[in-house]
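First up is the structure itself, then whatever we jot down about it.
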Amino acid sequence: MQTYELIGIGFGPSNIALAIALQEQQHHAGAADMFFIEKQDSFAWHGDMLLDNSHMQISFLKDLATLRNPASRFTFLNYLHQKERLSDFINLKTFYPSRHEFSDYLRWAADQFSACCSYGEEVIEVQPELQEGKVRLLRVRSRHRDGRITERLARNLVIGVGGSANIPETFRGLREDARVFHSSSYLRHIAAFDKPARIAVIGAGQSATEIFLDLHARNAGHEVDFIMRSRNIKPSDDSPFVNEVFNPEYTDYVYRQDEPTRHALMQEFMQTNYSAPDLALIEQVYQVFYKQKVTGQQRHRLLRCHNVERARAEADGVWLDLHDLDGGSAQTRRYDAVVLGTGYTRELHKDLLAPLASYLPHFAVGRDYRLQSTPEFEPAVFLQGSCEPSHGISDTLLSVIAIRTAEIGQALRERDENAPFAARRAMVASIAAASRGSPQFSL
Ligand SMILES: Cc1cc2nc3c(=O)[nH]c(=O)nc-3n(C[C@H](O)[C@H](O)[C@H](O)COP(=O)(O)OP(=O)(O)OC[C@H]3O[C@@H](n4cnc5c(N)ncnc54)[C@H](O)[C@@H]3O)c2cc1C
């Protein structure tokens, strides 16, 4: 069984940036000894939400490398230069490229690490590898599309698996119904609806708003109910002083606070990222509804202050019981499809690490993103993108990725310095030899 210095689970922007940082920092002789496992068949950045006209919500300068090393060859500017589009991009006079272009930039960077990434493998769990009562290594188990299982050993682990679709309780029973789907699989599912359909979009955030506008623009002529609990669609606040919460140094400030203060900070700055589309999108939605008033033809409906109390699937459609939180009235409406723009949860690491839970008390995380562990646990496990409660609202975004990966690289370097290289190599080699008999098997 192959043993690696470092295994990264997921190969999205967080772990791509890590690969770049480690390569550039020439972290140790084992820089080439890193390996990433990605469940998608090839690189894609939220591919089912790559809608026409969608744009980045932060400056391209918050790319994979610039904030850590503006001279990196992996900057967005160098990507433009390599693609011979730099002058043309300058003419656009924007900090906010299209998501299509940024996705292409990320793929361009990811492709340069194809030798150390395996696609089409989903990590299903991480087990402890014990020797003399100590956890020396981690056994990373992944499943291929055809059901085969591969196991690899790692001395260090970095988990960058992003968010999982948040499905509200009301809709959990309808998960298998292709007519009810989350924004994270929007393009995949909506393709089946090529005739005029009645569609409900649930939520009031960026994704729900983008989807409403996308459905409006489709030739099929869908009728859309845009349903939200909130009283209004409020824009994200990206004004300069507020935006400082996304500065990498703000992470230090958040991490230093006690839990109630961190929680209060999250609440205070919620409007920068959650249930808060860009103002320009909100204005487009307003235009759509205003035009309906001018023509007198109501195609779409904006149902503010509405809660979905119940959802049930019937042969003729999905029926939603709606409760008007303002007026108190109730109605039941039939839809051909329901799109959930209901956000993401970030707990997947706890499932993957469940076999290690007794060594990782409460999954508490240090400032360097390393999970705190009991003394008999030797490997280091780092989290990327699931530390919002401890490290602040920027944690799930691109804003801090370049700096965070430098910090993780630094933590790895310090581990190396504390463990003599030769001794460590010998230890890893002996465990790998002991594990060599372990079969790779299929389910
Ligand atoms: C539609 C959309 C638009 C966004 N736009 C912006 C923006 O403009 N600016 C911004 O700052 N942020 C934006 N975000 C936030 C987003 O979280 C970050 O842009 C970025 O994708 C975070 O990178 P990541 O690598 O941490 O997570 P992800 O990009 O989610 O990547 C995680 C990767 O891990 C893989 N994975 C998951 N589970 C496993 C497993 N068990 N085994 C193997 N692989 C696995 C996934 O397939 C995925 O490729 C957006 C999010 C969405 C959904």
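Starting from 1 in every chain, residues are counted up; chains themselves are A, B, ... following the order of the structure tokens, and ligands are numbered from 1 as listed.
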Taking only residues of chain A that have an atom at most 6 Å from an atom of ligand 1, what is each one's shortest atom pair and its distance in Å to one decimal, using only C-alpha atoms and all ligand atoms, in chain and number order, as a Markdown table?
| residue | atom | partner | partner_atom_place_in_ligand_line | distance |
| --- | --- | --- | --- | --- |
| A:Ile9 | CA | ligand 1 | 43 (C) | 5.2 |
| A:Gly10 | CA | ligand 1 | 34 (O) | 3.3 |
| A:Phe11 | CA | ligand 1 | 33 (C) | 5.0 |
| A:Gly12 | CA | ligand 1 | 25 (O) | 3.4 |
| A:Pro13 | CA | ligand 1 | 25 (O) | 3.9 |
| A:Ser14 | CA | ligand 1 | 25 (O) | 3.8 |
| A:Asn15 | CA | ligand 1 | 25 (O) | 5.8 |
| A:Ile37 | CA | ligand 1 | 43 (C) | 5.2 |
| A:Glu38 | CA | ligand 1 | 44 (N) | 3.7 |
| A:Lys39 | CA | ligand 1 | 44 (N) | 4.0 |
| A:Gln40 | CA | ligand 1 | 47 (O) | 5.1 |
| A:Trp45 | CA | ligand 1 | 29 (O) | 5.7 |
| A:His46 | CA | ligand 1 | 1 (C) | 5.5 |
| A:Met49 | CA | ligand 1 | 1 (C) | 5.0 |
| A:Met56 | CA | ligand 1 | 8 (O) | 3.7 |
| A:Gln57 | CA | ligand 1 | 8 (O) | 3.8 |
| A:Ile58 | CA | ligand 1 | 9 (N) | 5.0 |
| A:Glu122 | CA | ligand 1 | 42 (N) | 3.7 |
| A:Val123 | CA | ligand 1 | 42 (N) | 3.8 |
| A:Ile124 | CA | ligand 1 | 41 (N) | 5.7 |
| A:Gly160 | CA | ligand 1 | 26 (O) | 5.1 |
| A:Val161 | CA | ligand 1 | 34 (O) | 3.5 |
| A:Gly162 | CA | ligand 1 | 30 (O) | 3.4 |
| A:Gly163 | CA | ligand 1 | 30 (O) | 5.6 |
| A:Gln384 | CA | ligand 1 | 26 (O) | 5.9 |
| A:Gly385 | CA | ligand 1 | 26 (O) | 4.8 |
| A:Thr396 | CA | ligand 1 | 17 (O) | 5.0 |
| A:Leu397 | CA | ligand 1 | 11 (O) | 3.7 |
| A:Leu398 | CA | ligand 1 | 11 (O) | 3.7 |
| A:Ser399 | CA | ligand 1 | 11 (O) | 5.4 |
Could you dump the residues just selected with N, CA, C and O atoms as a short mmCIF file (atom, residue, chain, number, x, y, z; two decimals), in the first residue's frame?
data_model
loop_
_atom_site.label_atom_id
_atom_site.label_comp_id
_atom_site.auth_asym_id
_atom_site.auth_seq_id
_atom_site.Cartn_x
_atom_site.Cartn_y
_atom_site.Cartn_z
N ILE A 9 -7.86 15.47 0.89
CA ILE A 9 -9.16 14.94 0.46
C ILE A 9 -9.93 16.09 -0.18
O ILE A 9 -10.18 17.12 0.45
N GLY A 10 -10.32 15.91 -1.45
CA GLY A 10 -10.96 16.96 -2.22
C GLY A 10 -9.89 17.74 -2.97
O GLY A 10 -8.78 17.96 -2.44
N PHE A 11 -10.20 18.11 -4.22
CA PHE A 11 -9.25 18.94 -4.97
C PHE A 11 -10.00 20.12 -5.58
O PHE A 11 -10.09 20.30 -6.78
N GLY A 12 -10.59 20.91 -4.68
CA GLY A 12 -11.20 22.19 -5.05
C GLY A 12 -10.16 23.28 -4.81
O GLY A 12 -8.98 22.99 -4.54
N PRO A 13 -10.59 24.54 -4.87
CA PRO A 13 -9.64 25.65 -4.72
C PRO A 13 -8.77 25.54 -3.47
O PRO A 13 -7.57 25.84 -3.53
N SER A 14 -9.32 25.09 -2.34
CA SER A 14 -8.53 25.05 -1.10
C SER A 14 -7.32 24.14 -1.25
O SER A 14 -6.19 24.53 -0.94
N ASN A 15 -7.55 22.93 -1.71
CA ASN A 15 -6.42 22.01 -1.79
C ASN A 15 -5.54 22.25 -3.02
O ASN A 15 -4.35 21.92 -3.00
N ILE A 37 -7.14 13.37 -3.49
CA ILE A 37 -8.19 12.46 -3.95
C ILE A 37 -9.47 13.27 -4.15
O ILE A 37 -9.93 13.95 -3.23
N GLU A 38 -9.99 13.23 -5.36
CA GLU A 38 -11.15 14.07 -5.71
C GLU A 38 -12.27 13.19 -6.24
O GLU A 38 -12.05 12.36 -7.12
N LYS A 39 -13.47 13.41 -5.75
CA LYS A 39 -14.57 12.51 -6.14
C LYS A 39 -15.14 12.81 -7.53
O LYS A 39 -15.68 11.91 -8.17
N GLN A 40 -15.01 14.03 -8.01
CA GLN A 40 -15.52 14.31 -9.36
C GLN A 40 -14.59 13.66 -10.39
O GLN A 40 -13.41 13.46 -10.15
N TRP A 45 -15.57 23.45 -10.81
CA TRP A 45 -15.82 24.35 -9.68
C TRP A 45 -17.32 24.69 -9.66
O TRP A 45 -17.78 25.49 -10.44
N HIS A 46 -18.05 24.05 -8.79
CA HIS A 46 -19.50 24.23 -8.70
C HIS A 46 -20.12 24.23 -10.12
O HIS A 46 -20.83 25.15 -10.51
N MET A 49 -23.62 25.10 -11.15
CA MET A 49 -24.07 26.49 -10.96
C MET A 49 -23.28 27.45 -11.86
O MET A 49 -23.25 28.65 -11.62
N MET A 56 -17.93 36.41 -10.39
CA MET A 56 -17.28 36.26 -9.09
C MET A 56 -17.84 37.29 -8.12
O MET A 56 -18.19 38.40 -8.51
N GLN A 57 -17.87 36.90 -6.85
CA GLN A 57 -18.34 37.84 -5.83
C GLN A 57 -17.18 38.47 -5.08
O GLN A 57 -17.41 39.27 -4.18
N ILE A 58 -15.97 38.06 -5.40
CA ILE A 58 -14.82 38.75 -4.80
C ILE A 58 -13.79 39.04 -5.88
O ILE A 58 -13.85 38.47 -6.97
N GLU A 122 -14.14 8.75 -4.31
CA GLU A 122 -14.73 9.45 -3.17
C GLU A 122 -14.19 8.85 -1.87
O GLU A 122 -14.34 7.64 -1.64
N VAL A 123 -13.58 9.67 -1.06
CA VAL A 123 -13.08 9.17 0.23
C VAL A 123 -14.29 8.86 1.11
O VAL A 123 -15.20 9.69 1.26
N ILE A 124 -14.31 7.66 1.67
CA ILE A 124 -15.46 7.27 2.48
C ILE A 124 -15.15 7.25 3.97
O ILE A 124 -16.03 7.44 4.80
N GLY A 160 -10.33 19.17 2.52
CA GLY A 160 -10.89 20.36 1.87
C GLY A 160 -12.04 19.92 0.99
O GLY A 160 -11.94 19.94 -0.23
N VAL A 161 -13.13 19.48 1.63
CA VAL A 161 -14.22 18.85 0.88
C VAL A 161 -15.40 19.79 0.60
O VAL A 161 -16.40 19.38 0.03
N GLY A 162 -15.28 21.07 0.99
CA GLY A 162 -16.35 22.02 0.71
C GLY A 162 -17.62 21.72 1.49
O GLY A 162 -17.60 21.01 2.49
N GLY A 163 -18.74 22.26 1.00
CA GLY A 163 -20.00 22.11 1.72
C GLY A 163 -20.85 20.97 1.15
O GLY A 163 -20.63 20.52 0.03
N GLN A 384 -9.72 22.59 5.89
CA GLN A 384 -9.86 23.80 5.08
C GLN A 384 -11.34 23.99 4.76
O GLN A 384 -11.97 23.11 4.17
N GLY A 385 -11.90 25.12 5.17
CA GLY A 385 -13.26 25.47 4.76
C GLY A 385 -14.34 24.99 5.72
O GLY A 385 -15.53 25.21 5.44
N THR A 396 -15.07 29.92 4.54
CA THR A 396 -15.64 29.08 3.47
C THR A 396 -15.40 29.68 2.09
O THR A 396 -15.79 29.09 1.09
N LEU A 397 -14.80 30.86 2.05
CA LEU A 397 -14.67 31.60 0.79
C LEU A 397 -13.25 31.51 0.23
O LEU A 397 -12.37 30.93 0.85
N LEU A 398 -13.07 32.14 -0.91
CA LEU A 398 -11.73 32.16 -1.50
C LEU A 398 -10.81 33.14 -0.78
O LEU A 398 -9.58 33.03 -0.88
N SER A 399 -11.42 34.08 -0.04
CA SER A 399 -10.67 35.23 0.51
C SER A 399 -9.37 34.85 1.21
O SER A 399 -8.37 35.55 1.08
#
Long-range neighbours of region 138-145 of chain A as a ChimeraX atom specification, 10 Å cut-off, only C-alpha atoms, 5 positions minimum in chain: /A:1,3-4,7-9,37-41,119-130,150-157,352-353,356,377-381,435,440,442-443
Taking the chain letters and numbering used in this document, name the residues of region 47-296 of chain A that DSSP puts in helix (DSSP H, G or I), as a PyMOL selection string. chain A and resi 47-49+76-82+86-92+99-111+114-116+169-174+183-190+206-217+240-246+250-256+259-272+279-295
List every residue of region 219-440 of chain A that DSSP, applied to the backbone, labels as strand (DSSP E), and write the result as a PDB file with N, CA and C atoms, in the first residue's frame.
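Result saved to part11.pdb:
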ATOM      1  N   GLU A 223     -42.990  29.253 -15.425  1.00  0.00           N
ATOM      2  CA  GLU A 223     -43.607  30.148 -14.431  1.00  0.00           C
ATOM      3  C   GLU A 223     -42.946  29.843 -13.102  1.00  0.00           C
ATOM      4  N   VAL A 224     -42.435  30.880 -12.448  1.00  0.00           N
ATOM      5  CA  VAL A 224     -41.637  30.625 -11.251  1.00  0.00           C
ATOM      6  C   VAL A 224     -42.233  31.322 -10.031  1.00  0.00           C
ATOM      7  N   ASP A 225     -42.364  30.576  -8.953  1.00  0.00           N
ATOM      8  CA  ASP A 225     -42.682  31.184  -7.654  1.00  0.00           C
ATOM      9  C   ASP A 225     -41.373  31.281  -6.874  1.00  0.00           C
ATOM     10  N   PHE A 226     -41.014  32.497  -6.526  1.00  0.00           N
ATOM     11  CA  PHE A 226     -39.768  32.744  -5.790  1.00  0.00           C
ATOM     12  C   PHE A 226     -40.196  32.879  -4.316  1.00  0.00           C
ATOM     13  N   ILE A 227     -39.899  31.824  -3.538  1.00  0.00           N
ATOM     14  CA  ILE A 227     -40.485  31.709  -2.189  1.00  0.00           C
ATOM     15  C   ILE A 227     -39.401  31.883  -1.129  1.00  0.00           C
ATOM     16  N   ARG A 301     -44.249  34.793  -9.430  1.00  0.00           N
ATOM     17  CA  ARG A 301     -44.763  35.388  -8.190  1.00  0.00           C
ATOM     18  C   ARG A 301     -43.647  35.442  -7.159  1.00  0.00           C
ATOM     19  N   LEU A 302     -43.595  36.566  -6.454  1.00  0.00           N
ATOM     20  CA  LEU A 302     -42.626  36.709  -5.367  1.00  0.00           C
ATOM     21  C   LEU A 302     -43.375  36.477  -4.063  1.00  0.00           C
ATOM     22  N   LEU A 303     -43.077  35.373  -3.398  1.00  0.00           N
ATOM     23  CA  LEU A 303     -43.790  35.045  -2.166  1.00  0.00           C
ATOM     24  C   LEU A 303     -42.859  35.286  -0.978  1.00  0.00           C
ATOM     25  N   HIS A 306     -42.937  33.785   3.373  1.00  0.00           N
ATOM     26  CA  HIS A 306     -43.669  32.524   3.225  1.00  0.00           C
ATOM     27  C   HIS A 306     -42.805  31.352   3.676  1.00  0.00           C
ATOM     28  N   ASN A 307     -43.412  30.498   4.459  1.00  0.00           N
ATOM     29  CA  ASN A 307     -42.716  29.307   4.923  1.00  0.00           C
ATOM     30  C   ASN A 307     -43.346  28.081   4.265  1.00  0.00           C
ATOM     31  N   VAL A 308     -42.492  27.140   3.838  1.00  0.00           N
ATOM     32  CA  VAL A 308     -43.028  25.882   3.303  1.00  0.00           C
ATOM     33  C   VAL A 308     -43.251  24.962   4.499  1.00  0.00           C
ATOM     34  N   GLU A 309     -44.513  24.709   4.795  1.00  0.00           N
ATOM     35  CA  GLU A 309     -44.845  23.909   5.983  1.00  0.00           C
ATOM     36  C   GLU A 309     -44.752  22.414   5.685  1.00  0.00           C
ATOM     37  N   ARG A 310     -45.083  22.055   4.436  1.00  0.00           N
ATOM     38  CA  ARG A 310     -45.145  20.637   4.106  1.00  0.00           C
ATOM     39  C   ARG A 310     -44.917  20.478   2.607  1.00  0.00           C
ATOM     40  N   ALA A 311     -44.258  19.398   2.229  1.00  0.00           N
ATOM     41  CA  ALA A 311     -44.055  19.113   0.800  1.00  0.00           C
ATOM     42  C   ALA A 311     -44.414  17.656   0.568  1.00  0.00           C
ATOM     43  N   ARG A 312     -45.196  17.399  -0.480  1.00  0.00           N
ATOM     44  CA  ARG A 312     -45.507  15.990  -0.769  1.00  0.00           C
ATOM     45  C   ARG A 312     -45.481  15.770  -2.287  1.00  0.00           C
ATOM     46  N   ALA A 313     -44.993  14.601  -2.650  1.00  0.00           N
ATOM     47  CA  ALA A 313     -44.854  14.279  -4.071  1.00  0.00           C
ATOM     48  C   ALA A 313     -46.060  13.465  -4.518  1.00  0.00           C
ATOM     49  N   GLU A 314     -46.706  13.912  -5.589  1.00  0.00           N
ATOM     50  CA  GLU A 314     -47.814  13.172  -6.198  1.00  0.00           C
ATOM     51  C   GLU A 314     -47.470  12.948  -7.661  1.00  0.00           C
ATOM     52  N   GLY A 317     -47.394  16.186  -9.650  1.00  0.00           N
ATOM     53  CA  GLY A 317     -46.461  17.261  -9.277  1.00  0.00           C
ATOM     54  C   GLY A 317     -46.098  17.219  -7.803  1.00  0.00           C
ATOM     55  N   VAL A 318     -45.326  18.207  -7.411  1.00  0.00           N
ATOM     56  CA  VAL A 318     -44.935  18.329  -6.004  1.00  0.00           C
ATOM     57  C   VAL A 318     -45.817  19.422  -5.396  1.00  0.00           C
ATOM     58  N   TRP A 319     -46.489  19.077  -4.313  1.00  0.00           N
ATOM     59  CA  TRP A 319     -47.433  20.014  -3.692  1.00  0.00           C
ATOM     60  C   TRP A 319     -46.804  20.618  -2.440  1.00  0.00           C
ATOM     61  N   LEU A 320     -46.842  21.938  -2.364  1.00  0.00           N
ATOM     62  CA  LEU A 320     -46.279  22.628  -1.199  1.00  0.00           C
ATOM     63  C   LEU A 320     -47.384  23.336  -0.417  1.00  0.00           C
ATOM     64  N   ASP A 321     -47.407  23.097   0.900  1.00  0.00           N
ATOM     65  CA  ASP A 321     -48.301  23.866   1.783  1.00  0.00           C
ATOM     66  C   ASP A 321     -47.531  25.095   2.227  1.00  0.00           C
ATOM     67  N   LEU A 322     -48.039  26.261   1.850  1.00  0.00           N
ATOM     68  CA  LEU A 322     -47.333  27.513   2.151  1.00  0.00           C
ATOM     69  C   LEU A 322     -48.070  28.297   3.222  1.00  0.00           C
ATOM     70  N   HIS A 323     -47.298  28.842   4.143  1.00  0.00           N
ATOM     71  CA  HIS A 323     -47.893  29.628   5.218  1.00  0.00           C
ATOM     72  C   HIS A 323     -47.353  31.049   5.120  1.00  0.00           C
ATOM     73  N   ASP A 324     -48.256  31.986   5.007  1.00  0.00           N
ATOM     74  CA  ASP A 324     -47.856  33.396   4.948  1.00  0.00           C
ATOM     75  C   ASP A 324     -47.558  33.872   6.366  1.00  0.00           C
ATOM     76  N   ALA A 330     -52.983  30.518   4.513  1.00  0.00           N
ATOM     77  CA  ALA A 330     -52.327  29.292   4.037  1.00  0.00           C
ATOM     78  C   ALA A 330     -52.820  28.983   2.635  1.00  0.00           C
ATOM     79  N   GLN A 331     -51.955  28.367   1.838  1.00  0.00           N
ATOM     80  CA  GLN A 331     -52.368  27.923   0.505  1.00  0.00           C
ATOM     81  C   GLN A 331     -51.538  26.698   0.137  1.00  0.00           C
ATOM     82  N   THR A 332     -52.084  25.905  -0.769  1.00  0.00           N
ATOM     83  CA  THR A 332     -51.341  24.739  -1.258  1.00  0.00           C
ATOM     84  C   THR A 332     -51.181  24.896  -2.760  1.00  0.00           C
ATOM     85  N   ARG A 333     -49.941  24.761  -3.223  1.00  0.00           N
ATOM     86  CA  ARG A 333     -49.692  24.973  -4.658  1.00  0.00           C
ATOM     87  C   ARG A 333     -48.929  23.793  -5.250  1.00  0.00           C
ATOM     88  N   ARG A 334     -49.216  23.549  -6.526  1.00  0.00           N
ATOM     89  CA  ARG A 334     -48.591  22.420  -7.227  1.00  0.00           C
ATOM     90  C   ARG A 334     -47.449  22.921  -8.103  1.00  0.00           C
ATOM     91  N   TYR A 335     -46.345  22.177  -8.093  1.00  0.00           N
ATOM     92  CA  TYR A 335     -45.205  22.560  -8.936  1.00  0.00           C
ATOM     93  C   TYR A 335     -44.708  21.342  -9.712  1.00  0.00           C
ATOM     94  N   ALA A 337     -41.498  21.327 -10.519  1.00  0.00           N
ATOM     95  CA  ALA A 337     -40.153  21.154  -9.937  1.00  0.00           C
ATOM     96  C   ALA A 337     -39.986  22.133  -8.795  1.00  0.00           C
ATOM     97  N   VAL A 338     -39.140  21.756  -7.848  1.00  0.00           N
ATOM     98  CA  VAL A 338     -38.813  22.629  -6.713  1.00  0.00           C
ATOM     99  C   VAL A 338     -37.287  22.703  -6.608  1.00  0.00           C
ATOM    100  N   VAL A 339     -36.754  23.924  -6.659  1.00  0.00           N
ATOM    101  CA  VAL A 339     -35.300  24.091  -6.550  1.00  0.00           C
ATOM    102  C   VAL A 339     -34.981  24.676  -5.178  1.00  0.00           C
ATOM    103  N   LEU A 340     -34.090  24.007  -4.460  1.00  0.00           N
ATOM    104  CA  LEU A 340     -33.757  24.439  -3.102  1.00  0.00           C
ATOM    105  C   LEU A 340     -32.467  25.269  -3.118  1.00  0.00           C
ATOM    106  N   TYR A 344     -25.602  25.461   2.382  1.00  0.00           N
ATOM    107  CA  TYR A 344     -24.728  24.302   2.578  1.00  0.00           C
ATOM    108  C   TYR A 344     -24.462  24.067   4.061  1.00  0.00           C
ATOM    109  N   THR A 345     -24.146  22.808   4.399  1.00  0.00           N
ATOM    110  CA  THR A 345     -23.628  22.518   5.736  1.00  0.00           C
ATOM    111  C   THR A 345     -22.157  22.118   5.573  1.00  0.00           C
ATOM    112  N   ALA A 380      -1.004  14.595  11.712  1.00  0.00           N
ATOM    113  CA  ALA A 380      -1.653  15.916  11.791  1.00  0.00           C
ATOM    114  C   ALA A 380      -2.801  15.935  10.784  1.00  0.00           C
ATOM    115  N   VAL A 381      -3.952  16.405  11.264  1.00  0.00           N
ATOM    116  CA  VAL A 381      -5.121  16.514  10.382  1.00  0.00           C
ATOM    117  C   VAL A 381      -5.540  17.985  10.341  1.00  0.00           C
ATOM    118  N   PHE A 382      -5.562  18.554   9.146  1.00  0.00           N
ATOM    119  CA  PHE A 382      -5.922  19.969   8.987  1.00  0.00           C
ATOM    120  C   PHE A 382      -7.268  20.070   8.262  1.00  0.00           C
ATOM    121  N   LEU A 383      -7.985  21.143   8.580  1.00  0.00           N
ATOM    122  CA  LEU A 383      -9.276  21.383   7.929  1.00  0.00           C
ATOM    123  C   LEU A 383      -9.204  22.659   7.097  1.00  0.00           C
TER     124      LEU A 383
END
For a test of reading the model, state the distance in Å between CA of Asp48 (chain A) and CA of Leu187 (chain A), rounded to one decimal.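 Interatomic distance, CA of Asp48 (chain A) to CA of Leu187 (chain A): 4.7 Å.
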Give me the residues near region 77-93 of chain A as a PyMOL selection string, where near means some atom within 8 Å (using only C-alpha atoms) and where sequence neighbours in that chain fewer than 2 positions away do not count. chain A and resi 73-75+95+105+108
